[in-house]
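**Student:** Just one file: work-v2.cif, with mmCIF, C-alpha atoms and all ligand atoms.
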```cif
data_my_file
#
loop_
_atom_site.label_atom_id
_atom_site.label_comp_id
_atom_site.auth_asym_id
_atom_site.auth_seq_id
_atom_site.Cartn_x
_atom_site.Cartn_y
_atom_site.Cartn_z
CA MET U 1042 -83.34 -59.70 12.48
CA GLU U 1043 -82.61 -63.41 12.09
CA ILE U 1044 -79.16 -64.68 11.12
CA ASN U 1045 -78.34 -68.38 10.53
CA ASP U 1046 -75.25 -70.45 11.45
CA GLN U 1047 -73.55 -69.52 8.20
CA GLY U 1048 -73.85 -65.83 9.05
CA HIS U 1049 -76.53 -65.34 6.39
CA LEU U 1050 -79.53 -63.08 6.80
CA VAL U 1051 -82.82 -64.96 7.03
CA ILE U 1052 -86.05 -63.35 5.76
CA GLY U 1053 -89.39 -64.96 6.62
CA GLY U 1054 -87.58 -68.18 7.48
CA VAL U 1055 -85.62 -68.26 4.20
CA ASP U 1056 -81.86 -67.76 3.68
CA ALA U 1057 -81.44 -64.52 1.68
CA VAL U 1058 -78.28 -65.82 -0.02
CA GLN U 1059 -80.27 -68.78 -1.29
CA LEU U 1060 -82.98 -66.45 -2.62
CA ALA U 1061 -80.37 -64.50 -4.57
CA LYS U 1062 -79.02 -67.79 -5.99
CA ASP U 1063 -82.44 -69.17 -6.89
CA TYR U 1064 -83.99 -66.07 -8.43
CA GLY U 1065 -81.04 -63.85 -9.37
CA THR U 1066 -80.62 -60.17 -8.50
CA PRO U 1067 -81.79 -57.46 -8.27
CA LEU U 1068 -84.60 -59.10 -6.37
CA PHE U 1069 -87.43 -57.66 -4.32
CA VAL U 1070 -88.20 -59.87 -1.33
CA TYR U 1071 -91.37 -59.40 0.71
CA ASP U 1072 -91.99 -60.98 4.09
CA VAL U 1073 -95.71 -61.75 3.84
CA GLU U 1074 -96.14 -62.19 7.59
CA HIS U 1075 -94.83 -58.65 8.02
CA ILE U 1076 -97.34 -57.29 5.47
CA ARG U 1077 -100.14 -59.06 7.35
CA ARG U 1078 -98.91 -57.64 10.68
CA ASN U 1079 -98.90 -54.08 9.32
CA ALA U 1080 -102.37 -54.50 7.82
CA ARG U 1081 -103.75 -55.96 11.05
CA SER U 1082 -102.34 -53.11 13.18
CA PHE U 1083 -104.62 -50.72 11.33
CA VAL U 1084 -107.68 -52.93 11.06
CA GLN U 1085 -107.57 -54.26 14.62
CA THR U 1086 -107.03 -50.85 16.20
CA PHE U 1087 -110.20 -49.52 14.58
CA GLN U 1088 -112.02 -52.66 15.75
CA GLN U 1089 -110.74 -52.27 19.29
CA LEU U 1090 -111.87 -48.65 19.35
CA GLY U 1091 -115.30 -49.76 18.14
CA VAL U 1092 -115.25 -47.36 15.20
CA LYS U 1093 -116.72 -48.19 11.80
CA ALA U 1094 -113.82 -47.92 9.40
CA GLN U 1095 -112.30 -48.95 6.11
CA VAL U 1096 -108.57 -49.36 5.68
CA ALA U 1097 -107.86 -49.04 1.98
CA TYR U 1098 -104.44 -50.12 0.80
CA ALA U 1099 -103.00 -47.49 -1.56
CA SER U 1100 -101.94 -49.83 -4.33
CA LYS U 1101 -99.62 -47.26 -5.94
CA ALA U 1102 -97.11 -48.31 -3.26
CA PHE U 1103 -96.89 -51.77 -4.85
CA SER U 1104 -99.46 -53.35 -7.09
CA SER U 1105 -99.38 -56.91 -8.36
CA ILE U 1106 -101.85 -59.75 -8.31
CA ALA U 1107 -100.14 -61.50 -5.39
CA ILE U 1108 -99.98 -58.49 -3.08
CA LEU U 1109 -103.62 -57.68 -3.79
CA GLN U 1110 -104.55 -61.25 -2.87
CA ILE U 1111 -102.94 -60.75 0.54
CA ILE U 1112 -104.65 -57.38 0.96
CA LYS U 1113 -107.98 -58.99 0.09
CA GLU U 1114 -107.38 -61.85 2.53
CA GLU U 1115 -106.69 -59.35 5.31
CA GLY U 1116 -110.06 -57.70 4.68
CA LEU U 1117 -108.74 -54.33 3.56
CA SER U 1118 -110.24 -52.12 0.86
CA LEU U 1119 -108.25 -50.80 -2.07
CA ASP U 1120 -107.30 -47.40 -3.43
CA VAL U 1121 -106.50 -47.33 -7.16
CA VAL U 1122 -105.45 -44.31 -9.18
CA SER U 1123 -105.54 -45.55 -12.75
CA GLN U 1124 -107.12 -48.01 -15.09
CA GLY U 1125 -103.95 -50.07 -14.83
CA GLU U 1126 -104.25 -50.36 -11.06
CA LEU U 1127 -107.97 -51.07 -11.39
CA HIS U 1128 -107.28 -53.73 -14.00
CA THR U 1129 -104.72 -55.37 -11.68
CA ALA U 1130 -107.24 -55.32 -8.83
CA LEU U 1131 -109.89 -56.99 -10.97
CA GLN U 1132 -107.37 -59.57 -12.17
CA ALA U 1133 -106.67 -60.34 -8.51
CA GLU U 1134 -110.44 -60.77 -8.08
CA PHE U 1135 -110.54 -57.96 -5.57
CA PRO U 1136 -114.19 -57.27 -4.61
CA ALA U 1137 -115.23 -54.27 -6.73
CA GLU U 1138 -117.36 -52.76 -3.96
CA ARG U 1139 -114.23 -52.36 -1.83
CA ILE U 1140 -112.30 -50.42 -4.51
CA HIS U 1141 -112.00 -46.61 -4.50
CA LEU U 1142 -110.81 -44.67 -7.54
CA HIS U 1143 -108.54 -41.64 -7.19
CA GLY U 1144 -106.80 -39.31 -9.61
CA ASN U 1145 -106.51 -35.64 -10.45
CA ASN U 1146 -107.12 -36.22 -14.17
CA LYS U 1147 -109.27 -39.30 -14.50
CA SER U 1148 -109.96 -40.12 -18.11
CA LYS U 1149 -113.33 -40.95 -19.57
CA ALA U 1150 -112.14 -44.54 -20.00
CA GLU U 1151 -111.08 -44.77 -16.34
CA LEU U 1152 -114.39 -43.39 -15.08
CA GLU U 1153 -116.33 -45.62 -17.45
CA MET U 1154 -114.48 -48.72 -16.28
CA ALA U 1155 -115.12 -47.76 -12.63
CA ILE U 1156 -118.83 -47.28 -13.36
CA MET U 1157 -119.26 -50.48 -15.38
CA GLU U 1158 -117.35 -52.56 -12.81
CA GLN U 1159 -119.46 -50.99 -10.05
CA ILE U 1160 -116.60 -50.10 -7.78
CA GLY U 1161 -117.30 -48.85 -4.24
CA CYS U 1162 -116.68 -45.16 -4.73
CA ILE U 1163 -115.00 -42.49 -6.78
CA VAL U 1164 -113.04 -39.79 -5.02
CA VAL U 1165 -113.98 -36.75 -7.08
CA ASP U 1166 -111.12 -34.34 -7.59
CA ASN U 1167 -112.16 -31.46 -9.89
CA PHE U 1168 -115.00 -29.77 -11.81
CA TRP U 1169 -114.09 -31.34 -15.15
CA GLU U 1170 -114.45 -34.76 -13.57
CA ILE U 1171 -117.89 -33.92 -12.15
CA GLU U 1172 -119.17 -33.11 -15.64
CA LEU U 1173 -117.64 -36.28 -17.11
CA LEU U 1174 -119.06 -38.40 -14.32
CA LYS U 1175 -122.59 -37.00 -14.76
CA GLU U 1176 -122.43 -37.57 -18.50
CA LEU U 1177 -121.24 -41.17 -18.13
CA LEU U 1178 -123.72 -42.08 -15.37
CA ASN U 1179 -126.55 -40.77 -17.55
CA LYS U 1180 -125.24 -42.61 -20.59
CA HIS U 1181 -125.04 -45.94 -18.76
CA ASN U 1182 -128.02 -45.35 -16.50
CA ARG U 1183 -125.95 -46.06 -13.37
CA GLU U 1184 -125.42 -44.53 -9.91
CA MET U 1185 -122.22 -43.95 -7.97
CA ASP U 1186 -121.11 -43.14 -4.42
CA VAL U 1187 -118.51 -40.39 -4.25
CA LEU U 1188 -116.28 -38.63 -1.78
CA ILE U 1189 -115.17 -35.06 -2.42
CA ARG U 1190 -111.42 -34.67 -2.25
CA VAL U 1191 -110.61 -31.43 -0.52
CA THR U 1192 -107.35 -29.58 0.00
CA PRO U 1193 -107.38 -28.48 3.60
CA GLY U 1194 -104.40 -26.11 3.38
CA ILE U 1195 -102.07 -28.05 5.66
CA GLU U 1196 -98.29 -28.15 5.35
CA ALA U 1197 -97.10 -31.54 6.60
CA HIS U 1198 -93.41 -31.97 7.40
CA THR U 1199 -92.05 -34.07 4.56
CA HIS U 1200 -90.31 -33.76 1.19
CA ASP U 1201 -91.87 -31.08 -1.07
CA TYR U 1202 -92.63 -33.54 -3.87
CA ILE U 1203 -94.76 -35.74 -1.63
CA LEU U 1204 -96.71 -32.91 0.00
CA THR U 1205 -100.33 -32.82 -1.13
CA GLY U 1206 -102.52 -30.98 1.37
CA GLN U 1207 -101.07 -27.46 1.04
CA GLU U 1208 -102.97 -24.58 -0.57
CA ASP U 1209 -100.95 -24.59 -3.79
CA SER U 1210 -101.65 -28.16 -4.90
CA LYS U 1211 -102.89 -29.83 -8.08
CA PHE U 1212 -105.15 -32.12 -6.05
CA GLY U 1213 -108.71 -31.63 -4.88
CA PHE U 1214 -111.11 -28.78 -4.26
CA ASP U 1215 -109.96 -25.93 -2.03
CA LEU U 1216 -111.80 -25.69 1.26
CA TRP U 1217 -111.05 -22.05 1.96
CA ASN U 1218 -112.19 -20.38 -1.29
CA GLY U 1219 -115.59 -21.95 -1.73
CA GLN U 1220 -114.66 -24.40 -4.50
CA ALA U 1221 -115.31 -27.46 -2.35
CA GLU U 1222 -118.76 -26.14 -1.49
CA GLN U 1223 -119.44 -25.42 -5.15
CA ALA U 1224 -118.47 -29.02 -5.92
CA LEU U 1225 -120.91 -30.24 -3.28
CA HIS U 1226 -123.71 -28.28 -5.00
CA LYS U 1227 -122.88 -29.64 -8.42
CA LEU U 1228 -122.72 -33.22 -7.12
CA MET U 1229 -125.89 -33.01 -5.02
CA ASP U 1230 -127.60 -31.73 -8.13
CA SER U 1231 -127.46 -35.18 -9.68
CA GLU U 1232 -129.79 -37.95 -8.59
CA ARG U 1233 -127.31 -40.53 -9.78
CA ILE U 1234 -124.53 -39.29 -7.51
CA HIS U 1235 -124.51 -39.98 -3.79
CA VAL U 1236 -122.09 -37.77 -1.88
CA LYS U 1237 -120.93 -39.88 1.05
CA GLY U 1238 -118.39 -37.54 2.56
CA LEU U 1239 -115.02 -35.85 2.30
CA HIS U 1240 -111.52 -37.03 1.54
CA CYS U 1241 -108.18 -35.42 2.20
CA HIS U 1242 -104.58 -36.61 1.98
CA ILE U 1243 -101.95 -34.31 3.39
CA GLY U 1244 -98.75 -36.01 2.22
CA SER U 1245 -96.55 -39.03 2.62
CA GLN U 1246 -93.88 -40.31 5.02
CA ILE U 1247 -95.26 -38.17 7.87
CA PHE U 1248 -94.13 -38.87 11.43
CA GLU U 1249 -96.14 -36.39 13.44
CA THR U 1250 -99.86 -36.52 14.01
CA THR U 1251 -100.19 -32.72 14.18
CA GLY U 1252 -100.83 -32.43 10.43
CA PHE U 1253 -103.56 -35.09 10.53
CA VAL U 1254 -105.17 -33.46 13.58
CA MET U 1255 -105.22 -30.06 11.85
CA ALA U 1256 -106.73 -31.64 8.74
CA VAL U 1257 -109.49 -33.27 10.79
CA ARG U 1258 -110.30 -29.89 12.34
CA LYS U 1259 -110.56 -28.21 8.93
CA LEU U 1260 -112.78 -30.98 7.60
CA PHE U 1261 -115.17 -30.82 10.52
CA GLU U 1262 -115.32 -27.04 10.42
CA ALA U 1263 -116.51 -27.36 6.81
CA LEU U 1264 -118.85 -30.24 7.60
CA ALA U 1265 -120.50 -28.34 10.45
CA ASP U 1266 -121.03 -25.39 8.16
CA TRP U 1267 -122.39 -27.52 5.31
CA LYS U 1268 -124.74 -29.30 7.70
CA LYS U 1269 -126.20 -26.00 8.82
CA ARG U 1270 -126.46 -24.40 5.42
CA HIS U 1271 -127.12 -27.32 3.08
CA GLY U 1272 -128.35 -30.08 5.40
CA PHE U 1273 -125.44 -32.21 4.23
CA ALA U 1274 -124.45 -34.99 6.64
CA ALA U 1275 -121.22 -36.83 5.89
CA GLU U 1276 -121.35 -40.58 6.40
CA ILE U 1277 -117.64 -40.99 5.68
CA VAL U 1278 -114.48 -39.03 6.38
CA ASN U 1279 -111.42 -40.33 4.55
CA LEU U 1280 -108.14 -39.05 5.99
CA GLY U 1281 -105.85 -40.50 3.31
CA GLY U 1282 -102.52 -42.20 3.90
CA GLY U 1283 -99.06 -40.90 4.63
CA PHE U 1284 -98.07 -42.73 7.82
CA GLY U 1285 -94.27 -42.72 8.01
CA ILE U 1286 -92.03 -45.77 8.28
CA GLN U 1287 -88.44 -46.36 9.29
CA TYR U 1288 -85.81 -46.28 6.52
CA THR U 1289 -82.80 -45.46 8.71
CA ASP U 1290 -82.14 -45.06 12.43
CA ASP U 1291 -82.88 -41.33 12.02
CA ASP U 1292 -86.53 -42.12 11.29
CA GLN U 1293 -88.71 -42.47 14.37
CA PRO U 1294 -92.22 -43.37 13.22
CA LEU U 1295 -95.06 -43.89 15.67
CA PRO U 1296 -96.48 -47.39 16.10
CA LEU U 1297 -99.22 -47.72 13.46
CA ALA U 1298 -101.89 -48.24 16.11
CA LEU U 1299 -101.02 -44.89 17.69
CA TYR U 1300 -101.66 -42.98 14.46
CA VAL U 1301 -105.10 -44.55 14.33
CA GLU U 1302 -105.84 -43.88 18.01
CA GLN U 1303 -104.96 -40.20 17.70
CA LEU U 1304 -106.97 -39.75 14.52
CA VAL U 1305 -110.01 -41.39 16.04
CA GLN U 1306 -109.71 -39.34 19.20
CA GLU U 1307 -109.57 -36.12 17.21
CA VAL U 1308 -112.54 -37.09 15.05
CA LYS U 1309 -114.55 -37.91 18.19
CA GLU U 1310 -113.64 -34.58 19.78
CA GLN U 1311 -114.62 -32.60 16.70
CA MET U 1312 -117.83 -34.53 16.32
CA ALA U 1313 -118.74 -33.82 19.95
CA TYR U 1314 -117.79 -30.15 19.59
CA TYR U 1315 -120.02 -29.64 16.56
CA SER U 1316 -122.68 -32.15 17.71
CA LEU U 1317 -122.34 -34.16 14.52
CA PRO U 1318 -122.91 -37.92 14.26
CA LEU U 1319 -119.73 -40.05 14.14
CA PRO U 1320 -118.93 -40.81 10.47
CA GLU U 1321 -117.14 -43.90 9.27
CA ILE U 1322 -113.41 -43.21 9.25
CA TRP U 1323 -111.47 -44.34 6.20
CA ILE U 1324 -107.72 -44.27 5.74
CA GLU U 1325 -105.44 -45.18 2.81
CA PRO U 1326 -102.01 -46.35 3.92
CA GLY U 1327 -99.67 -47.60 1.20
CA ARG U 1328 -96.11 -47.28 2.48
CA ALA U 1329 -97.02 -48.31 6.04
CA ILE U 1330 -98.43 -51.63 4.81
CA VAL U 1331 -95.68 -52.79 2.44
CA GLY U 1332 -92.70 -50.45 2.92
CA ASP U 1333 -90.79 -52.14 5.71
CA ALA U 1334 -92.00 -55.60 4.68
CA GLY U 1335 -89.93 -55.47 1.49
CA ALA U 1336 -86.20 -55.34 0.80
CA THR U 1337 -83.98 -55.55 -2.27
CA LEU U 1338 -81.07 -57.91 -2.89
CA TYR U 1339 -78.24 -56.89 -5.21
CA THR U 1340 -74.99 -58.51 -6.30
CA VAL U 1341 -71.79 -56.54 -5.91
CA GLY U 1342 -69.86 -56.05 -9.17
CA ALA U 1343 -67.15 -53.45 -9.70
CA ILE U 1344 -65.46 -51.89 -6.69
CA LYS U 1345 -63.61 -48.63 -7.32
CA GLU U 1346 -61.41 -47.22 -4.60
CA ILE U 1347 -60.30 -43.60 -4.81
CA PRO U 1348 -57.68 -43.53 -2.03
CA GLY U 1349 -58.45 -40.97 0.60
CA VAL U 1350 -61.70 -40.01 -1.12
CA ARG U 1351 -64.30 -42.78 -1.39
CA THR U 1352 -64.94 -46.38 -2.37
CA TYR U 1353 -67.71 -46.91 -4.91
CA VAL U 1354 -69.32 -50.34 -4.70
CA SER U 1355 -71.43 -50.90 -7.79
CA VAL U 1356 -74.41 -53.23 -7.72
CA ASP U 1357 -76.53 -54.75 -10.49
CA GLY U 1358 -79.53 -52.45 -9.95
CA GLY U 1359 -80.03 -48.85 -8.87
CA MET U 1360 -82.36 -46.05 -9.93
CA THR U 1361 -84.22 -48.41 -12.26
CA ASP U 1362 -85.53 -50.43 -9.28
CA ASN U 1363 -85.29 -47.70 -6.63
CA LEU U 1364 -85.81 -44.18 -7.88
CA ARG U 1365 -86.28 -42.73 -4.41
CA PRO U 1366 -82.66 -41.74 -3.64
CA ALA U 1367 -82.32 -39.92 -6.98
CA LEU U 1368 -85.77 -38.33 -6.79
CA TYR U 1369 -86.09 -37.45 -3.09
CA GLN U 1370 -82.56 -37.89 -1.72
CA ALA U 1371 -84.10 -40.77 0.23
CA LYS U 1372 -81.78 -42.59 2.65
CA TYR U 1373 -81.50 -46.34 3.12
CA GLN U 1374 -79.65 -48.80 5.30
CA ALA U 1375 -77.82 -51.82 3.94
CA ASP U 1376 -76.13 -55.05 5.01
CA VAL U 1377 -74.13 -57.74 3.29
CA VAL U 1378 -76.40 -60.75 3.62
CA ASN U 1379 -73.65 -63.37 3.27
CA LYS U 1380 -71.43 -61.64 5.89
CA MET U 1381 -73.84 -60.71 8.67
CA TYR U 1382 -71.37 -61.61 11.47
CA ASP U 1383 -68.34 -59.94 9.87
CA THR U 1384 -67.08 -56.74 11.47
CA LYS U 1385 -68.01 -53.59 9.60
CA ASN U 1386 -64.56 -52.16 8.98
CA GLN U 1387 -65.07 -49.64 6.17
CA THR U 1388 -67.39 -46.97 4.87
CA VAL U 1389 -68.36 -47.23 1.20
CA SER U 1390 -70.96 -45.77 -1.16
CA ILE U 1391 -73.29 -48.03 -3.08
CA ALA U 1392 -73.72 -47.09 -6.73
CA GLY U 1393 -76.30 -48.24 -9.22
CA LYS U 1394 -75.35 -49.25 -12.74
CA CYS U 1395 -77.12 -46.54 -14.74
CA CYS U 1396 -75.15 -44.04 -16.79
CA GLU U 1397 -76.00 -41.24 -14.41
CA SER U 1398 -73.83 -39.85 -11.61
CA GLY U 1399 -76.94 -39.38 -9.46
CA ASP U 1400 -77.60 -43.12 -9.57
CA MET U 1401 -76.35 -43.71 -6.03
CA LEU U 1402 -78.37 -45.96 -3.73
CA ILE U 1403 -76.52 -45.02 -0.53
CA TRP U 1404 -73.80 -42.49 0.17
CA ASP U 1405 -71.63 -43.69 3.06
CA VAL U 1406 -72.63 -46.94 4.66
CA ASP U 1407 -70.55 -49.11 6.98
CA VAL U 1408 -69.88 -52.60 5.64
CA PRO U 1409 -67.43 -55.47 6.18
CA SER U 1410 -64.65 -56.23 3.66
CA LEU U 1411 -66.33 -56.76 0.30
CA GLN U 1412 -65.69 -58.77 -2.82
CA SER U 1413 -67.48 -58.86 -6.14
CA GLY U 1414 -70.24 -61.47 -5.83
CA ASP U 1415 -71.27 -60.50 -2.31
CA ILE U 1416 -74.98 -59.93 -1.85
CA ILE U 1417 -76.12 -56.56 -0.52
CA ILE U 1418 -79.55 -55.88 0.90
CA THR U 1419 -81.22 -52.48 1.13
CA TYR U 1420 -84.07 -52.46 3.63
CA SER U 1421 -87.55 -50.92 3.48
CA THR U 1422 -87.85 -50.86 -0.30
CA GLY U 1423 -91.30 -52.46 -0.31
CA ALA U 1424 -93.18 -49.25 -1.14
CA TYR U 1425 -92.57 -47.18 -4.27
CA GLY U 1426 -89.66 -49.41 -5.27
CA TYR U 1427 -91.01 -51.90 -7.76
CA SER U 1428 -93.94 -49.58 -8.50
CA MET U 1429 -91.62 -46.78 -9.63
CA SER U 1430 -89.25 -49.11 -11.51
CA ASN U 1431 -88.39 -47.99 -14.98
CA HIS U 1432 -86.50 -49.08 -18.06
CA TYR U 1433 -83.78 -46.42 -18.12
CA ASN U 1434 -80.75 -47.73 -20.01
CA ARG U 1435 -83.03 -50.58 -21.06
CA PHE U 1436 -82.54 -52.61 -17.91
CA PRO U 1437 -85.26 -55.25 -17.52
CA LYS U 1438 -87.37 -54.91 -14.37
CA ALA U 1439 -86.39 -57.01 -11.35
CA ALA U 1440 -88.29 -60.04 -10.06
CA VAL U 1441 -90.41 -60.12 -6.89
CA VAL U 1442 -90.47 -63.00 -4.42
CA PHE U 1443 -92.78 -63.54 -1.44
CA VAL U 1444 -91.54 -65.46 1.59
CA GLU U 1445 -93.70 -66.73 4.43
CA ASN U 1446 -92.92 -69.25 7.17
CA GLY U 1447 -89.90 -70.71 5.40
CA HIS U 1448 -91.57 -70.88 1.95
CA HIS U 1449 -90.61 -68.76 -1.01
CA GLN U 1450 -92.48 -68.10 -4.20
CA LEU U 1451 -91.93 -66.01 -7.31
CA VAL U 1452 -94.82 -63.54 -7.66
CA VAL U 1453 -93.54 -61.22 -10.40
CA LYS U 1454 -91.24 -62.69 -13.03
CA ARG U 1455 -88.02 -60.96 -13.97
CA GLU U 1456 -88.35 -59.18 -17.29
CA MET U 1457 -86.42 -60.55 -20.22
CA TYR U 1458 -84.73 -58.63 -22.99
CA GLN U 1459 -87.53 -59.66 -25.36
CA ASP U 1460 -89.94 -57.77 -23.09
CA LEU U 1461 -87.99 -54.60 -23.72
CA THR U 1462 -88.48 -54.69 -27.47
CA ARG U 1463 -91.90 -56.33 -27.41
CA LEU U 1464 -93.72 -53.13 -28.36
CA ASP U 1465 -91.08 -51.79 -30.76
CA LEU U 1466 -91.85 -51.72 -34.45
CA PRO U 1467 -89.32 -51.40 -37.24
CA TYR U 1468 -89.43 -48.19 -39.22
CA GLU U 1469 -90.60 -48.74 -42.80
CA ARG U 1470 -89.00 -46.19 -45.04
CA PRO U 1471 -91.76 -44.38 -47.02
N1 LIG V 1 -103.91 -41.67 -0.64
C1 LIG V 1 -103.61 -40.73 -1.57
C2 LIG V 1 -104.67 -39.91 -2.12
C3 LIG V 1 -102.28 -40.59 -2.00
O1 LIG V 1 -101.99 -39.66 -2.90
C4 LIG V 1 -101.27 -41.42 -1.46
C5 LIG V 1 -99.89 -41.30 -1.90
C6 LIG V 1 -101.64 -42.39 -0.51
C7 LIG V 1 -102.97 -42.47 -0.12
C8 LIG V 1 -100.64 -43.33 0.11
O2 LIG V 1 -99.66 -42.66 0.82
P1 LIG V 1 -98.65 -43.50 1.74
O3 LIG V 1 -99.44 -44.10 2.87
O4 LIG V 1 -98.04 -44.53 0.90
O5 LIG V 1 -97.67 -42.49 2.20
N2 LIG V 1 -93.50 -41.92 -4.50
C9 LIG V 1 -93.41 -41.27 -3.20
C10 LIG V 1 -94.70 -41.31 -2.47
C11 LIG V 1 -95.83 -40.66 -3.23
C12 LIG V 1 -97.13 -40.81 -2.53
C13 LIG V 1 -98.24 -40.37 -3.39
N3 LIG V 1 -99.53 -40.51 -2.80
C14 LIG V 1 -92.29 -41.95 -2.40
O6 LIG V 1 -91.65 -42.85 -2.89
O7 LIG V 1 -92.03 -41.53 -1.27
#
```
Could you write out this structure as structure tokens?

**Tutor:**
Amino acid sequence: MEINDQGHLVIGGVDAVQLAKDYGTPLFVYDVEHIRRNARSFVQTFQQLGVKAQVAYASKAFSSIAILQIIKEEGLSLDVVSQGELHTALQAEFPAERIHLHGNNKSKAELEMAIMEQIGCIVVDNFWEIELLKELLNKHNREMDVLIRVTPGIEAHTHDYILTGQEDSKFGFDLWNGQAEQALHKLMDSERIHVKGLHCHIGSQIFETTGFVMAVRKLFEALADWKKRHGFAAEIVNLGGGFGIQYTDDDQPLPLALYVEQLVQEVKEQMAYYSLPLPEIWIEPGRAIVGDAGATLYTVGAIKEIPGVRTYVSVDGGMTDNLRPALYQAKYQADVVNKMYDTKNQTVSIAGKCCESGDMLIWDVDVPSLQSGDIIITYSTGAYGYSMSNHYNRFPKAAVVFVENGHHQLVVKREMYQDLTRLDLPYERP
């Protein structure tokens, strides 16, 4: 962490207090060098291990034209889950052949757009989608590479709402009850569909590799069986995202390279055990690329002290720019960016400004003496912060700034009040 002579926090070579002055708050600030470093940890580790791989950035973590430009520059692929994310990718001139489409209820329009834009692959999720896909490929006389998303039946250790690989899940085809195999049949039936392999995603914000290792074993067990019985050889195994990052000192994630090393090692072991050829390994990190590269600046407003109970420090954002504390009881760390050298002499709670008691960004954080106008930073808000922003209480969405080597640049404008009523129509009395 860099602090300048004035005791101000410096992000990517830029004074955070100055950023708050220039762009206003709440403000998302991304350190671009940090994003690049995260991306390279994944890509370079695969290269060093000599394994053919694709690292697809899960754009649900944060999607905007600027971030997708960086992701493109770093040579990553892209995971999109909606027409909106696909549209953003195309606006950023992301190469279509490196885009993968996900979703447990893809619409006809989404599939059609993916087909017409000739994206790299569709990760097929359910039987309804298989029928739609066949119909649309016939209609447009096109072909498509697909992966089959399977649910391996793994319980990763994370919050229930971000678990996805367990048996009782809305995502994917079940491996253990024959549905995945049935999907393979239906897909191989079509000459226009090329089944390239399997996909699974076991959850998000996972620290241990045990869950990933178990998932790999389940996938290869199925692949060995399918090879024997259907002559199906997977060219690709996509192990999803979910690599955990540090939000507070309690979080102890592994270095990103280590996740990759352990995954590759397990895939190699399974492949040797079943005498299968080594497939390409694909992963889809979202949080691990942008999460700890982003932070949010807020201005302190009202301070309410309840003697002997608690001090509420209200800021000018909250659950509209960071839903994670309210939704997952997620924990964050904070500092006062204009008082980085001051002694932390009190414990306060940081409240958002929504009319909702649950709109608390942090319960109990140590800070120096505070006044209204001080600038607070919450760290590691780069993933699922801006992307889950909402208009509750009709607050306009925050702005996003990128900093790199002492330069700063607005990459998403702050919404204005006009934006909030832009789609509203007056009611004409009949
Ligand atoms: N691939 C698939 C199929 C996914 O469903 C997800 C996340 C990812 C990749 C990326 O996972 P990551 O590497 O970012 O953990 N809103 C929640 C997280 C939901 C994740 C949903 N799927 C949060 O704020 O924690």

**Student:** Give me the residues within 12 Å of Val1191 of chain U as a compact mmCIF listing (two decimals) with C-alpha atoms, keeping the file's coordinate frame, counting all atoms listed in the file and dropping any in the same chain fewer than 6 places off.

**Tutor:**
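The result, written out as out.txt:
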```txt
# COMPACT_ATOMS: atom_id res chain seq x y z
CA ASN U 1145 -106.51 -35.64 -10.45
CA VAL U 1164 -113.04 -39.79 -5.02
CA VAL U 1165 -113.98 -36.75 -7.08
CA ASP U 1166 -111.12 -34.34 -7.59
CA ASN U 1167 -112.16 -31.46 -9.89
CA THR U 1205 -100.33 -32.82 -1.13
CA GLY U 1206 -102.52 -30.98 1.37
CA GLN U 1207 -101.07 -27.46 1.04
CA GLU U 1208 -102.97 -24.58 -0.57
CA SER U 1210 -101.65 -28.16 -4.90
CA LYS U 1211 -102.89 -29.83 -8.08
CA PHE U 1212 -105.15 -32.12 -6.05
CA GLY U 1213 -108.71 -31.63 -4.88
CA PHE U 1214 -111.11 -28.78 -4.26
CA ASP U 1215 -109.96 -25.93 -2.03
CA LEU U 1216 -111.80 -25.69 1.26
CA TRP U 1217 -111.05 -22.05 1.96
CA ASN U 1218 -112.19 -20.38 -1.29
CA GLY U 1219 -115.59 -21.95 -1.73
CA GLN U 1220 -114.66 -24.40 -4.50
CA ALA U 1221 -115.31 -27.46 -2.35
CA GLU U 1222 -118.76 -26.14 -1.49
CA GLN U 1223 -119.44 -25.42 -5.15
CA ALA U 1224 -118.47 -29.02 -5.92
CA LEU U 1225 -120.91 -30.24 -3.28
CA GLY U 1238 -118.39 -37.54 2.56
CA LEU U 1239 -115.02 -35.85 2.30
CA HIS U 1240 -111.52 -37.03 1.54
CA CYS U 1241 -108.18 -35.42 2.20
CA HIS U 1242 -104.58 -36.61 1.98
CA ILE U 1243 -101.95 -34.31 3.39
CA ALA U 1256 -106.73 -31.64 8.74
CA VAL U 1257 -109.49 -33.27 10.79
CA LYS U 1259 -110.56 -28.21 8.93
CA LEU U 1260 -112.78 -30.98 7.60
CA PHE U 1261 -115.17 -30.82 10.52
CA ALA U 1263 -116.51 -27.36 6.81
CA LEU U 1264 -118.85 -30.24 7.60
CA VAL U 1278 -114.48 -39.03 6.38
CA ASN U 1279 -111.42 -40.33 4.55
CA LEU U 1280 -108.14 -39.05 5.99
CA GLY U 1281 -105.85 -40.50 3.31
```

**Student:** Distance table requested - segment 1063-1136 of chain U against segment 1435-1438 of chain U, cut-off 12 Å, all atoms listed in the file: one row per qualifying residue with the closest atom pair and its distance in Å to one decimal, ordered by chain and rising residue number, as CSV.

**Tutor:**
```
residue,atom,partner,partner_atom,distance
U:Thr1066,CA,U:Lys1438,CA,10.4
U:Pro1067,CA,U:Lys1438,CA,8.7
U:Leu1068,CA,U:Lys1438,CA,9.4
U:Phe1069,CA,U:Lys1438,CA,10.4
```

**Student:** Around ligand LIG 1 (chain V), at most 7 Å away and counting only C-alpha atoms and all ligand atoms, which residues are there? Put them as a PyMOL selection string, please.

**Tutor:** chain U and resi 1099+1102+1143+1203+1242+1244-1246+1281-1285+1325-1329+1365+1424-1425
